[in-house]
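Source file: query31.csv (CSV, C-alpha atoms)
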```csv
chain,number,residue,atom,x,y,z
X,22,MET,CA,48.0,133.9,14.0
X,23,GLY,CA,46.7,130.6,13.0
X,24,ALA,CA,43.9,132.2,11.1
X,25,VAL,CA,46.3,134.5,9.4
X,26,LYS,CA,48.6,131.7,8.3
X,27,GLU,CA,45.6,129.7,7.0
X,28,ALA,CA,44.5,132.7,5.0
X,29,VAL,CA,48.0,133.3,3.6
X,30,GLY,CA,48.2,129.6,2.8
X,31,ARG,CA,44.9,129.7,0.8
X,32,GLY,CA,46.1,132.8,-1.0
X,33,LEU,CA,49.4,131.2,-2.0
X,34,GLY,CA,47.5,128.1,-3.1
X,35,ARG,CA,45.3,130.3,-5.4
X,36,TRP,CA,48.4,132.1,-6.7
X,37,ARG,CA,50.2,128.8,-7.5
X,38,GLY,CA,47.1,127.7,-9.5
X,39,ALA,CA,47.0,131.0,-11.4
X,40,ALA,CA,50.8,131.5,-11.7
X,41,LEU,CA,51.2,130.2,-15.3
X,42,PRO,CA,48.3,132.3,-16.7
X,43,ILE,CA,49.7,135.4,-14.9
X,44,VAL,CA,53.1,134.8,-16.4
X,45,GLN,CA,51.6,134.3,-19.8
X,46,SER,CA,49.5,137.5,-19.6
X,47,ALA,CA,52.5,139.6,-18.4
X,48,LEU,CA,54.8,138.2,-21.1
X,49,SER,CA,52.2,138.7,-23.8
X,50,ALA,CA,51.5,142.3,-22.8
X,51,GLY,CA,55.2,143.2,-23.0
X,52,LEU,CA,55.8,141.4,-26.3
X,53,ALA,CA,52.6,142.8,-27.9
X,54,TRP,CA,53.8,146.4,-27.1
X,55,LEU,CA,57.3,145.5,-28.4
X,56,VAL,CA,56.0,144.1,-31.7
X,57,ALA,CA,53.5,146.8,-32.3
X,58,THR,CA,56.1,149.5,-31.5
X,59,PHE,CA,59.3,148.3,-33.1
X,60,VAL,CA,58.1,145.9,-35.8
X,61,ILE,CA,54.8,147.5,-37.0
X,62,GLY,CA,56.0,151.1,-36.1
X,63,HIS,CA,53.0,152.4,-34.1
X,64,GLN,CA,53.9,155.1,-31.7
X,65,HIS,CA,51.1,154.5,-29.1
X,66,PRO,CA,49.9,150.9,-29.5
X,67,PHE,CA,47.7,150.9,-26.4
X,68,PHE,CA,45.4,148.3,-27.8
X,69,ALA,CA,48.1,145.7,-28.4
X,70,PRO,CA,48.9,144.9,-24.7
X,71,ILE,CA,45.2,145.3,-23.8
X,72,ALA,CA,44.2,142.7,-26.4
X,73,ALA,CA,46.9,140.3,-25.3
X,74,VAL,CA,45.9,140.3,-21.7
X,75,VAL,CA,42.1,140.1,-22.4
X,76,CYS,CA,42.8,137.3,-25.0
X,77,LEU,CA,44.6,135.2,-22.4
X,78,GLY,CA,43.0,136.2,-19.2
X,79,VAL,CA,43.7,134.6,-15.9
X,80,SER,CA,40.9,132.1,-16.6
X,81,LEU,CA,41.6,130.0,-19.7
X,82,GLY,CA,39.2,129.0,-22.5
X,83,GLN,CA,37.9,130.0,-25.9
X,84,ARG,CA,40.9,132.0,-26.9
X,85,LEU,CA,40.6,131.6,-30.6
X,86,ARG,CA,37.1,133.0,-30.5
X,87,ARG,CA,38.2,135.7,-28.1
X,88,VAL,CA,40.8,137.0,-30.6
X,89,GLY,CA,38.2,137.5,-33.2
X,90,GLU,CA,35.8,139.2,-30.7
X,91,LEU,CA,38.6,141.5,-29.6
X,92,VAL,CA,39.3,142.7,-33.2
X,93,VAL,CA,35.6,143.1,-33.9
X,94,GLY,CA,35.0,144.9,-30.6
X,95,VAL,CA,38.0,147.3,-31.1
X,96,SER,CA,37.0,148.0,-34.7
X,97,VAL,CA,33.4,148.8,-33.7
X,98,GLY,CA,34.4,151.0,-30.8
X,99,VAL,CA,37.1,152.8,-32.6
X,100,GLY,CA,34.9,153.3,-35.7
X,101,VAL,CA,32.0,154.7,-33.8
X,102,GLY,CA,34.3,156.8,-31.6
X,103,ASP,CA,36.3,158.3,-34.5
X,104,ALA,CA,33.2,159.0,-36.5
X,105,LEU,CA,31.3,160.8,-33.7
X,106,ILE,CA,34.0,162.4,-31.5
X,107,SER,CA,35.5,164.3,-34.4
X,108,TRP,CA,32.0,165.6,-35.2
X,109,ILE,CA,30.4,166.2,-31.7
X,110,GLY,CA,33.5,166.7,-29.6
X,111,SER,CA,34.4,165.2,-26.3
X,112,GLY,CA,32.6,165.6,-23.0
X,113,PRO,CA,30.4,163.7,-20.5
X,114,TRP,CA,27.3,163.4,-22.7
X,115,GLN,CA,29.4,162.7,-25.8
X,116,ILE,CA,31.2,159.8,-24.0
X,117,ALA,CA,27.9,158.4,-22.8
X,118,LEU,CA,26.5,158.6,-26.3
X,119,VAL,CA,29.5,157.0,-28.0
X,120,VAL,CA,29.7,154.1,-25.5
X,121,GLY,CA,26.0,153.4,-25.8
X,122,LEU,CA,26.1,153.4,-29.6
X,123,ALA,CA,29.3,151.3,-29.8
X,124,MET,CA,28.0,148.7,-27.4
X,125,SER,CA,24.7,148.6,-29.2
X,126,ALA,CA,26.3,148.1,-32.5
X,127,ALA,CA,28.5,145.3,-31.1
X,128,VAL,CA,25.4,143.5,-29.6
X,129,LEU,CA,23.6,143.8,-32.9
X,130,LEU,CA,26.6,142.3,-34.8
X,131,ASP,CA,27.2,139.3,-32.5
X,132,GLY,CA,25.9,139.5,-29.0
X,133,GLY,CA,29.1,138.3,-27.4
X,134,SER,CA,30.0,139.9,-24.1
X,135,VAL,CA,33.6,140.4,-25.0
X,136,ILE,CA,32.7,142.2,-28.2
X,137,ALA,CA,30.3,144.6,-26.4
X,138,LEU,CA,32.7,145.3,-23.5
X,139,GLN,CA,35.7,145.8,-25.8
X,140,ALA,CA,33.6,148.1,-28.1
X,141,GLY,CA,32.6,150.2,-25.1
X,142,SER,CA,36.1,150.4,-23.6
X,143,SER,CA,37.6,151.3,-27.0
X,144,ALA,CA,35.0,154.0,-27.5
X,145,VAL,CA,35.9,155.5,-24.1
X,146,LEU,CA,39.7,155.5,-24.9
X,147,VAL,CA,39.0,157.2,-28.3
X,148,ALA,CA,36.7,159.8,-26.6
X,149,THR,CA,39.2,160.6,-23.8
X,150,LEU,CA,42.8,159.5,-24.0
X,151,LEU,CA,43.1,158.9,-27.7
X,152,PRO,CA,41.2,161.4,-29.8
X,153,PRO,CA,40.9,160.8,-33.5
X,154,SER,CA,43.9,163.0,-34.3
X,155,ALA,CA,46.2,160.6,-32.3
X,156,GLY,CA,46.0,157.8,-34.9
X,157,GLY,CA,43.7,156.1,-37.3
X,158,GLY,CA,41.1,153.5,-36.4
X,159,PHE,CA,42.8,151.0,-38.8
X,160,ASP,CA,46.1,151.2,-36.8
X,161,ARG,CA,44.2,150.5,-33.6
X,162,MET,CA,42.5,147.5,-35.2
X,163,ILE,CA,46.0,146.2,-36.2
X,164,ASP,CA,47.2,146.7,-32.6
X,165,ALA,CA,44.3,144.6,-31.3
X,166,LEU,CA,45.0,141.9,-33.8
X,167,THR,CA,48.7,142.0,-32.9
X,168,GLY,CA,48.0,141.6,-29.2
X,169,GLY,CA,45.6,138.8,-29.8
X,170,LEU,CA,48.1,136.9,-32.0
X,171,VAL,CA,50.9,137.5,-29.5
X,172,GLY,CA,48.7,136.1,-26.7
X,173,LEU,CA,48.0,133.0,-28.7
X,174,ALA,CA,51.6,132.5,-29.6
X,175,VAL,CA,52.6,132.8,-25.9
X,176,ALA,CA,49.9,130.3,-24.9
X,177,ALA,CA,51.1,127.9,-27.6
X,178,LEU,CA,54.8,128.2,-26.6
X,179,ILE,CA,54.3,128.2,-22.8
X,180,PRO,CA,51.1,126.0,-22.4
X,181,ALA,CA,49.6,124.5,-19.3
X,182,ASN,CA,49.4,120.7,-19.2
X,183,PRO,CA,45.9,120.0,-20.5
X,184,VAL,CA,45.8,116.6,-18.7
X,185,THR,CA,46.6,118.2,-15.4
X,186,VAL,CA,43.8,120.7,-15.9
X,187,ALA,CA,41.4,117.9,-16.5
X,188,GLN,CA,42.7,115.8,-13.6
X,189,ARG,CA,42.3,118.5,-11.1
X,190,GLN,CA,38.7,119.1,-11.9
X,191,LEU,CA,37.9,115.4,-12.3
X,192,LYS,CA,39.3,114.8,-8.8
X,193,ALA,CA,36.8,117.3,-7.3
X,194,LEU,CA,34.0,115.7,-9.3
X,195,THR,CA,34.7,112.1,-8.4
X,196,ASN,CA,35.3,113.1,-4.7
X,197,THR,CA,31.8,114.6,-4.7
X,198,LEU,CA,30.3,111.4,-6.1
X,199,SER,CA,32.1,108.9,-4.0
X,200,LEU,CA,31.6,110.8,-0.8
X,201,ALA,CA,27.8,111.1,-1.5
X,202,LEU,CA,27.6,107.3,-2.2
X,203,ARG,CA,29.4,106.5,1.1
X,204,ASN,CA,27.4,108.9,3.1
X,205,LEU,CA,24.2,107.6,1.6
X,206,ALA,CA,25.2,104.0,2.4
X,207,GLU,CA,25.8,105.0,6.0
X,208,ALA,CA,22.3,106.7,6.1
X,209,LEU,CA,20.7,103.5,4.9
X,210,GLU,CA,22.6,101.4,7.4
X,211,GLU,CA,21.7,103.6,10.3
X,212,LYS,CA,18.2,104.2,8.9
X,213,ASP,CA,18.9,107.9,9.3
X,214,SER,CA,16.6,110.0,7.0
X,215,VAL,CA,18.3,113.2,8.3
X,216,LYS,CA,21.7,112.1,7.0
X,217,ALA,CA,20.1,111.1,3.7
X,218,ALA,CA,18.7,114.6,3.5
X,219,GLY,CA,22.1,116.0,4.1
X,220,VAL,CA,23.5,114.0,1.1
X,221,LEU,CA,20.7,115.3,-1.1
X,222,ALA,CA,21.5,118.9,0.0
X,223,GLU,CA,25.2,118.4,-0.9
X,224,LEU,CA,24.4,116.9,-4.3
X,225,ARG,CA,22.1,119.8,-5.1
X,226,THR,CA,25.1,122.1,-4.9
X,227,SER,CA,27.3,120.0,-7.2
X,228,GLN,CA,26.3,121.6,-10.5
X,229,SER,CA,29.2,124.1,-10.3
X,230,THR,CA,31.7,121.2,-9.9
X,231,ILE,CA,30.2,119.6,-13.0
X,232,ASP,CA,30.4,122.8,-15.0
X,233,ASP,CA,34.1,123.4,-13.9
X,234,TYR,CA,35.0,119.9,-15.1
X,235,LYS,CA,33.4,120.5,-18.5
X,236,SER,CA,35.1,123.9,-18.8
X,237,ALA,CA,38.4,122.3,-17.9
X,238,LEU,CA,38.0,119.7,-20.7
X,239,GLN,CA,37.2,122.5,-23.2
X,240,THR,CA,40.3,124.4,-22.0
X,241,GLY,CA,42.4,121.3,-22.2
X,242,SER,CA,41.2,120.5,-25.7
X,243,GLU,CA,42.1,124.0,-26.8
X,244,ILE,CA,45.6,123.8,-25.4
X,245,ALA,CA,46.2,120.5,-27.1
X,246,ARG,CA,45.0,122.0,-30.4
X,247,ILE,CA,47.2,125.1,-30.4
X,248,ALA,CA,50.3,124.0,-28.5
X,249,PRO,CA,52.6,121.7,-30.5
X,250,ILE,CA,54.3,120.3,-27.4
X,251,ARG,CA,50.9,119.2,-26.0
X,252,TRP,CA,49.6,117.5,-29.2
X,253,ARG,CA,50.3,114.1,-27.7
X,254,SER,CA,47.8,114.8,-24.9
X,255,LYS,CA,44.8,114.5,-27.3
X,256,ASP,CA,44.4,110.8,-26.8
X,257,GLU,CA,44.6,110.9,-23.1
X,258,LEU,CA,42.1,113.8,-23.0
X,259,LYS,CA,39.6,111.6,-24.9
X,260,ARG,CA,39.2,109.3,-21.9
X,261,TYR,CA,38.4,112.3,-19.7
X,262,GLN,CA,35.9,113.5,-22.3
X,263,ALA,CA,34.3,110.1,-22.5
X,264,ALA,CA,33.8,110.1,-18.7
X,265,ALA,CA,32.4,113.6,-18.5
X,266,GLY,CA,28.8,112.9,-19.5
X,267,PRO,CA,28.3,109.6,-17.7
X,268,VAL,CA,29.8,110.9,-14.4
X,269,ASP,CA,27.4,113.9,-14.7
X,270,TYR,CA,24.5,111.5,-15.1
X,271,ALA,CA,25.8,109.3,-12.2
X,272,ILE,CA,25.7,112.4,-9.9
X,273,ARG,CA,22.2,113.3,-11.1
X,274,ASN,CA,21.0,109.7,-10.6
X,275,THR,CA,22.6,109.6,-7.2
X,276,ARG,CA,20.7,112.8,-6.3
X,277,VAL,CA,17.4,111.1,-7.2
X,278,LEU,CA,18.6,108.0,-5.3
X,279,ALA,CA,19.2,110.2,-2.2
X,280,ARG,CA,15.8,111.8,-2.4
X,281,ARG,CA,14.1,108.4,-2.7
X,282,ALA,CA,16.2,106.9,0.0
X,283,MET,CA,15.2,109.7,2.3
X,284,ALA,CA,11.5,109.2,1.5
X,285,ALA,CA,11.8,105.4,2.0
X,286,LEU,CA,13.5,105.9,5.4
X,287,LYS,CA,10.8,108.4,6.5
X,288,ALA,CA,8.1,106.0,5.4
X,289,ASP,CA,9.9,103.1,7.2
X,290,GLU,CA,10.0,101.1,4.0
X,291,GLY,CA,12.2,98.1,4.0
X,292,ILE,CA,15.4,98.2,1.8
X,293,PRO,CA,17.4,95.0,1.1
X,294,ASP,CA,20.4,94.7,3.5
X,295,GLY,CA,22.9,94.5,0.7
X,296,VAL,CA,22.2,97.9,-0.7
X,297,PRO,CA,24.6,99.9,1.5
X,298,ASP,CA,27.4,97.5,0.6
X,299,VAL,CA,26.7,98.0,-3.1
X,300,LEU,CA,26.8,101.8,-2.7
X,301,LYS,CA,30.2,101.6,-0.9
X,302,ASP,CA,31.5,99.4,-3.7
X,303,TYR,CA,30.3,102.0,-6.2
X,304,ALA,CA,32.2,104.6,-4.3
X,305,ASP,CA,35.4,102.5,-4.4
X,306,ALA,CA,34.8,102.1,-8.2
X,307,VAL,CA,34.6,105.8,-8.6
X,308,ASP,CA,37.9,106.3,-6.8
X,309,CYS,CA,39.4,103.5,-9.0
X,310,LEU,CA,38.2,105.4,-12.1
X,311,LYS,CA,39.9,108.5,-10.9
X,312,GLY,CA,43.2,106.6,-10.3
X,313,GLU,CA,43.1,104.8,-13.6
X,314,LEU,CA,42.5,107.9,-15.6
X,315,GLU,CA,45.3,109.8,-13.8
X,316,LYS,CA,47.7,106.9,-14.7
X,317,GLY,CA,46.6,107.0,-18.4
X,318,GLN,CA,45.2,103.5,-18.2
X,319,GLU,CA,42.0,102.1,-19.7
X,320,PRO,CA,39.6,101.8,-16.7
X,321,LYS,CA,39.2,98.0,-16.9
X,322,LYS,CA,39.5,97.6,-13.1
X,323,THR,CA,36.7,100.1,-12.6
X,324,ARG,CA,34.5,98.2,-15.1
X,325,GLU,CA,35.0,95.0,-13.2
X,326,ALA,CA,34.4,96.6,-9.9
X,327,VAL,CA,31.1,98.0,-11.0
X,328,ARG,CA,30.0,94.7,-12.5
X,329,ASP,CA,30.8,92.9,-9.3
X,330,ALA,CA,29.0,95.4,-7.2
X,331,ALA,CA,25.9,95.3,-9.3
X,332,ARG,CA,25.8,91.5,-9.6
X,333,VAL,CA,23.8,91.2,-6.4
X,334,LEU,CA,21.1,93.5,-7.8
X,335,THR,CA,19.2,90.8,-9.6
X,336,ALA,CA,15.5,90.2,-9.7
X,337,ARG,CA,15.5,88.3,-6.4
X,338,ARG,CA,16.9,91.4,-4.6
X,339,LEU,CA,14.7,94.0,-6.3
X,340,GLY,CA,11.8,93.6,-4.0
X,341,GLY,CA,11.3,96.5,-1.6
X,342,ASP,CA,8.3,97.2,0.5
X,343,GLY,CA,7.1,100.4,-1.2
X,344,PHE,CA,7.4,102.8,-4.1
X,345,SER,CA,10.4,104.7,-2.8
X,346,SER,CA,12.4,101.6,-2.0
X,347,LYS,CA,11.8,100.2,-5.5
X,348,VAL,CA,12.9,103.5,-7.1
X,349,VAL,CA,16.0,103.4,-4.9
X,350,LEU,CA,16.9,99.9,-6.2
X,351,ALA,CA,16.2,101.0,-9.8
X,352,GLN,CA,18.3,104.1,-9.4
X,353,ILE,CA,21.2,102.0,-8.0
X,354,ARG,CA,21.2,100.0,-11.2
X,355,SER,CA,21.0,103.3,-13.3
X,356,VAL,CA,24.2,104.5,-11.5
X,357,ALA,CA,25.9,101.3,-12.5
X,358,VAL,CA,25.1,101.9,-16.1
X,359,ASP,CA,26.4,105.4,-15.9
X,360,LEU,CA,29.7,104.3,-14.2
X,361,LEU,CA,30.2,101.6,-16.9
X,362,GLN,CA,29.7,104.2,-19.6
X,363,ALA,CA,32.3,106.4,-17.8
X,364,THR,CA,34.8,103.5,-18.5
X,365,GLY,CA,34.3,103.8,-22.2
X,366,LEU,CA,31.4,101.4,-22.8
X,367,ASN,CA,28.4,102.6,-24.8
X,368,ARG,CA,24.9,102.3,-23.3
X,369,SER,CA,24.1,98.9,-24.9
X,370,GLU,CA,27.4,97.4,-23.8
X,371,ALA,CA,26.9,98.8,-20.3
X,372,MET,CA,23.4,97.2,-20.1
X,373,GLU,CA,24.7,93.9,-21.3
X,374,ALA,CA,27.5,93.9,-18.7
X,375,LEU,CA,25.0,93.8,-15.9
X,376,PRO,CA,23.1,90.7,-14.7
X,377,PRO,CA,19.5,90.5,-16.1
X,378,LEU,CA,16.7,91.8,-13.9
X,379,SER,CA,14.2,89.1,-14.9
X,380,PRO,CA,14.6,85.5,-13.6
X,381,PRO,CA,15.2,82.8,-16.2
X,382,ALA,CA,12.2,81.4,-18.0
X,383,GLY,CA,10.1,79.0,-15.9
X,384,SER,CA,11.5,80.2,-12.6
X,385,THR,CA,9.6,82.0,-9.9
X,386,GLY,CA,10.5,85.5,-8.9
X,387,PRO,CA,9.6,89.1,-9.5
X,388,ALA,CA,9.2,90.3,-13.1
X,389,GLU,CA,11.6,92.6,-14.7
X,390,GLU,CA,11.5,96.1,-13.1
X,391,SER,CA,9.6,98.8,-14.8
X,392,ALA,CA,11.3,102.2,-15.3
X,393,PRO,CA,11.1,104.3,-12.2
X,394,VAL,CA,8.8,107.2,-12.2
X,395,ARG,CA,10.5,110.6,-12.6
X,396,ASP,CA,10.4,113.0,-9.7
X,397,ARG,CA,11.5,116.6,-9.4
X,398,GLU,CA,15.1,115.6,-8.9
X,399,ASP,CA,15.0,113.8,-12.2
X,400,GLN,CA,14.4,116.4,-14.9
X,401,THR,CA,13.7,115.3,-18.5
X,402,GLY,CA,16.8,114.8,-20.5
X,403,ARG,CA,19.1,115.0,-17.5
X,404,THR,CA,18.9,111.6,-15.8
X,405,LYS,CA,19.0,108.2,-17.6
X,406,HIS,CA,17.4,105.0,-16.5
X,407,PRO,CA,18.3,101.6,-17.9
```
Can you present the structure in this file as C-alpha cells?
Amino acid sequence: MGAVKEAVGRGLGRWRGAALPIVQSALSAGLAWLVATFVIGHQHPFFAPIAAVVCLGVSLGQRLRRVGELVVGVSVGVGVGDALISWIGSGPWQIALVVGLAMSAAVLLDGGSVIALQAGSSAVLVATLLPPSAGGGFDRMIDALTGGLVGLAVAALIPANPVTVAQRQLKALTNTLSLALRNLAEALEEKDSVKAAGVLAELRTSQSTIDDYKSALQTGSEIARIAPIRWRSKDELKRYQAAAGPVDYAIRNTRVLARRAMAALKADEGIPDGVPDVLKDYADAVDCLKGELEKGQEPKKTREAVRDAARVLTARRLGGDGFSSKVVLAQIRSVAVDLLQATGLNRSEAMEALPPLSPPAGSTGPAEESAPVRDREDQTGRTKHP
C-alpha cells in the first residue's frame, strides 16, 4: 500500500504541474471548434481543434513558430492529398504514397518536425476520413490557422507565471551545483577518491537539468511576450537569463574540478586545508543566489559571499604538490568567476572582484598561476578559466 500511495502521489504531482497546460489545451480545442463552426461556417472543422491542441501542447515553448508550422504542414498535406487522392483513389498504397510525398515536400520546404508530422497526418485524413469532396483544401488551411490563433489567445489570456516556470528549474539546477560542491568538499576532507568519483558521475548527468532550465527561460520569455498580464515579468526574467550561462559554466568547471580532485586524491597529492571550506562557502553562495532570485532581489549577498570565500585563494595558498592539485585550485577560482557573473557582473568585473593571484611587487611567493591545462571534461568553448 505504501508503494501504491507513493506512485499515486507522484502521479498527482505530475498532474498538478501539467494542470494549466491541460486546461488550456482542452479549452482551446472547444473554442476552436466553436469559432470554426459558428463564426466561419465550416461544417467539419476537424483541423481547428487539432491545430489548437498541437499548438499549445502539454509542454510549452515556441508557440508562435508552431502556429506557422501547423498552417504550412496542413496546407502541404491537404494540397498533396487533394491533388493525388482525387486522381489515384484511396487505398493502402495510395495512402502510403500520399503520406510519403507530403512529408517529403514538408521537409524540403522547412525541415521542422512539426511541419512534416502535420503534413503526414493531414494527408492521412484527406485520404481516409475527409476525401476531397468533403471540403476544399483552403477551408482546411483556414481551420488550422483558426485553431492556432485560438490556442495563442487562450495562452495569452490564461498564462502560466513565467517567473514560477524559471524558478522551478533554477531550483533543480542550483541544488545540483550546491550538492556537488558540498560532496566534493567532504571527499577532500576525508581524502576519499571514491566519493569524488561519485560527484563526477553525478555531474556528468546534469546536462538535462541545464537544458530544462534554458527551455524554461525560453518558455517564460514567450509567455511574458504574448500575455499582457505577464508583461511586468520581463525585468525579473532578465536576472534568471543573466544567471543561465554562468551557472552552466560553473557546473562544467565543477565537473573538471571533481575529476582533478579525484586524480589528486588517487595520487596522494597535497591540497591546502582551506579548500573544502571554500567549496562549502561556494555551495552556500549558490543557495543564496537561488533565494535572492526567488525574492526578486539583486544578488548582492551572493556576490559578497563568493568574494569572501575566494579571498583565501591568493598566491600563498595556490601551491599544491602536483599537477592535479594545482588544476583543482585554479578551477576553484574559475568557479568563483562564474558565480560572480551569475550575480550580474561581466567577466572583467568578476575578475577584478577577486584578490590578485600574484604577490605584490618585491615580495616573495609563487608567481601568478598559468591557465590550467584542459582535460576531456573541459571541452573547447564550454568551460571558462580566469
| task | Just give me the gap between CA of Arg251 (chain X) and CA of Gln318 (chain X) in Å, one decimal is fine. | result | 18.4 Å
Counting all atoms listed in the file, what is within 12 Å of Ala285 (chain X), bar same-chain residues fewer than 4 positions away, as a short mmCIF file (atom, residue, chain, number, x, y, z; two decimals) with C-alpha atoms, keeping the file's coordinate frame?
```cif
data_model
loop_
_atom_site.label_atom_id
_atom_site.label_comp_id
_atom_site.auth_asym_id
_atom_site.auth_seq_id
_atom_site.Cartn_x
_atom_site.Cartn_y
_atom_site.Cartn_z
CA ALA X 208 22.30 106.70 6.10
CA LEU X 209 20.70 103.50 4.90
CA LYS X 212 18.20 104.20 8.90
CA ASP X 213 18.90 107.90 9.30
CA SER X 214 16.60 110.00 7.00
CA VAL X 215 18.30 113.20 8.30
CA ALA X 217 20.10 111.10 3.70
CA ALA X 218 18.70 114.60 3.50
CA LEU X 278 18.60 108.00 -5.30
CA ALA X 279 19.20 110.20 -2.20
CA ARG X 280 15.80 111.80 -2.40
CA ARG X 281 14.10 108.40 -2.70
CA ASP X 289 9.90 103.10 7.20
CA GLU X 290 10.00 101.10 4.00
CA GLY X 291 12.20 98.10 4.00
CA ILE X 292 15.40 98.20 1.80
CA PRO X 293 17.40 95.00 1.10
CA GLY X 341 11.30 96.50 -1.60
CA ASP X 342 8.30 97.20 0.50
CA GLY X 343 7.10 100.40 -1.20
CA PHE X 344 7.40 102.80 -4.10
CA SER X 345 10.40 104.70 -2.80
CA SER X 346 12.40 101.60 -2.00
CA LYS X 347 11.80 100.20 -5.50
CA VAL X 348 12.90 103.50 -7.10
CA VAL X 349 16.00 103.40 -4.90
CA LEU X 350 16.90 99.90 -6.20
#
```
| Residue among X:Val145, X:Ile109, X:Cys76, X:Ala363 lying closest to Cys309 (chain X), counting all atoms listed in the file |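 Going through X:Val145, X:Ile109, X:Cys76, X:Ala363 one by one, the smallest distance to Cys309 (chain X) is for X:Ala363.
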| task | Record the distance separating CA of Gly100 (chain X) and CA of Met124 (chain X), expressed in Å with one decimal. | result | 11.7 Å
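With distances restricted to only C-alpha atoms, X:Ile163 is the closest residue to Gly62 (chain X) from X:Ile163, X:Val175, X:Leu170, X:Val93.
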| Hey, what's within 7 Å of Ala72 (chain X) if we count all atoms listed in the file and toss same-chain stuff fewer than 2 positions away? As a list in words, please? |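 Skipping anything fewer than 2 positions along the chain leaves Phe68, Ala69, Pro70, Val74, Val75, Cys76, Leu91, Ala165, Gly168 and Gly169 of chain X.
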Could the residues in this selection be saved with C-alpha atoms as a PDB file, in the frame of the given file?
```
ATOM      1  CA  PHE X  68      45.400 148.300 -27.800  1.00  0.00           C
ATOM      2  CA  ALA X  69      48.100 145.700 -28.400  1.00  0.00           C
ATOM      3  CA  PRO X  70      48.900 144.900 -24.700  1.00  0.00           C
ATOM      4  CA  VAL X  74      45.900 140.300 -21.700  1.00  0.00           C
ATOM      5  CA  VAL X  75      42.100 140.100 -22.400  1.00  0.00           C
ATOM      6  CA  CYS X  76      42.800 137.300 -25.000  1.00  0.00           C
ATOM      7  CA  LEU X  91      38.600 141.500 -29.600  1.00  0.00           C
ATOM      8  CA  ALA X 165      44.300 144.600 -31.300  1.00  0.00           C
ATOM      9  CA  GLY X 168      48.000 141.600 -29.200  1.00  0.00           C
ATOM     10  CA  GLY X 169      45.600 138.800 -29.800  1.00  0.00           C
TER      11      GLY X 169
END
```
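Interatomic distance, CA of Pro297 (chain X) to CA of Glu210 (chain X): 6.4 Å.
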| Pick the closest to Ala181 (chain X) from X:Val92, X:Val120, X:Ile247, X:Ala282: which is it, counting only C-alpha atoms? |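 Counting only C-alpha atoms, the residue closest to Ala181 (chain X) is X:Ile247.
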| field | Nearest to Thr58 (chain X), chosen from X:Thr364, X:Asp164, X:Arg273, X:Pro183, with all atoms listed in the file counted in the distances | value |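 When distances to Thr58 (chain X) are compared using all atoms listed in the file, the smallest one comes from X:Asp164.
Each of X:Ala330, X:Ala263, X:Ala271, X:Ala248 was checked against Leu173 (chain X) using only C-alpha atoms; the smallest atom-to-atom distance is that of X:Ala248.
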| message | Between X:Glu370, X:Leu375, X:Ala193, X:Ile353, which residue has the minimum interatomic distance to Arg328 (chain X), considering all atoms listed in the file? | response |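 Of all the options, X:Leu375 lies closest to Arg328 (chain X).
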Determine, counting only C-alpha atoms, which protein, DNA and RNA residues have an atom within 9 Å of an atom of Ala176 (chain X); residues of the same chain fewer than 5 positions away are not included. Present the result as a compact mmCIF listing (two decimals) with C-alpha atoms, in the frame of the given file.
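The resulting file, out02.txt, is shown below:
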```txt
# COMPACT_ATOMS: atom_id res chain seq x y z
CA PRO X 42 48.30 132.30 -16.70
CA GLN X 45 51.60 134.30 -19.80
CA SER X 46 49.50 137.50 -19.60
CA SER X 49 52.20 138.70 -23.80
CA LEU X 77 44.60 135.20 -22.40
CA VAL X 171 50.90 137.50 -29.50
CA ALA X 181 49.60 124.50 -19.30
CA ILE X 244 45.60 123.80 -25.40
CA ILE X 247 47.20 125.10 -30.40
CA ALA X 248 50.30 124.00 -28.50
```
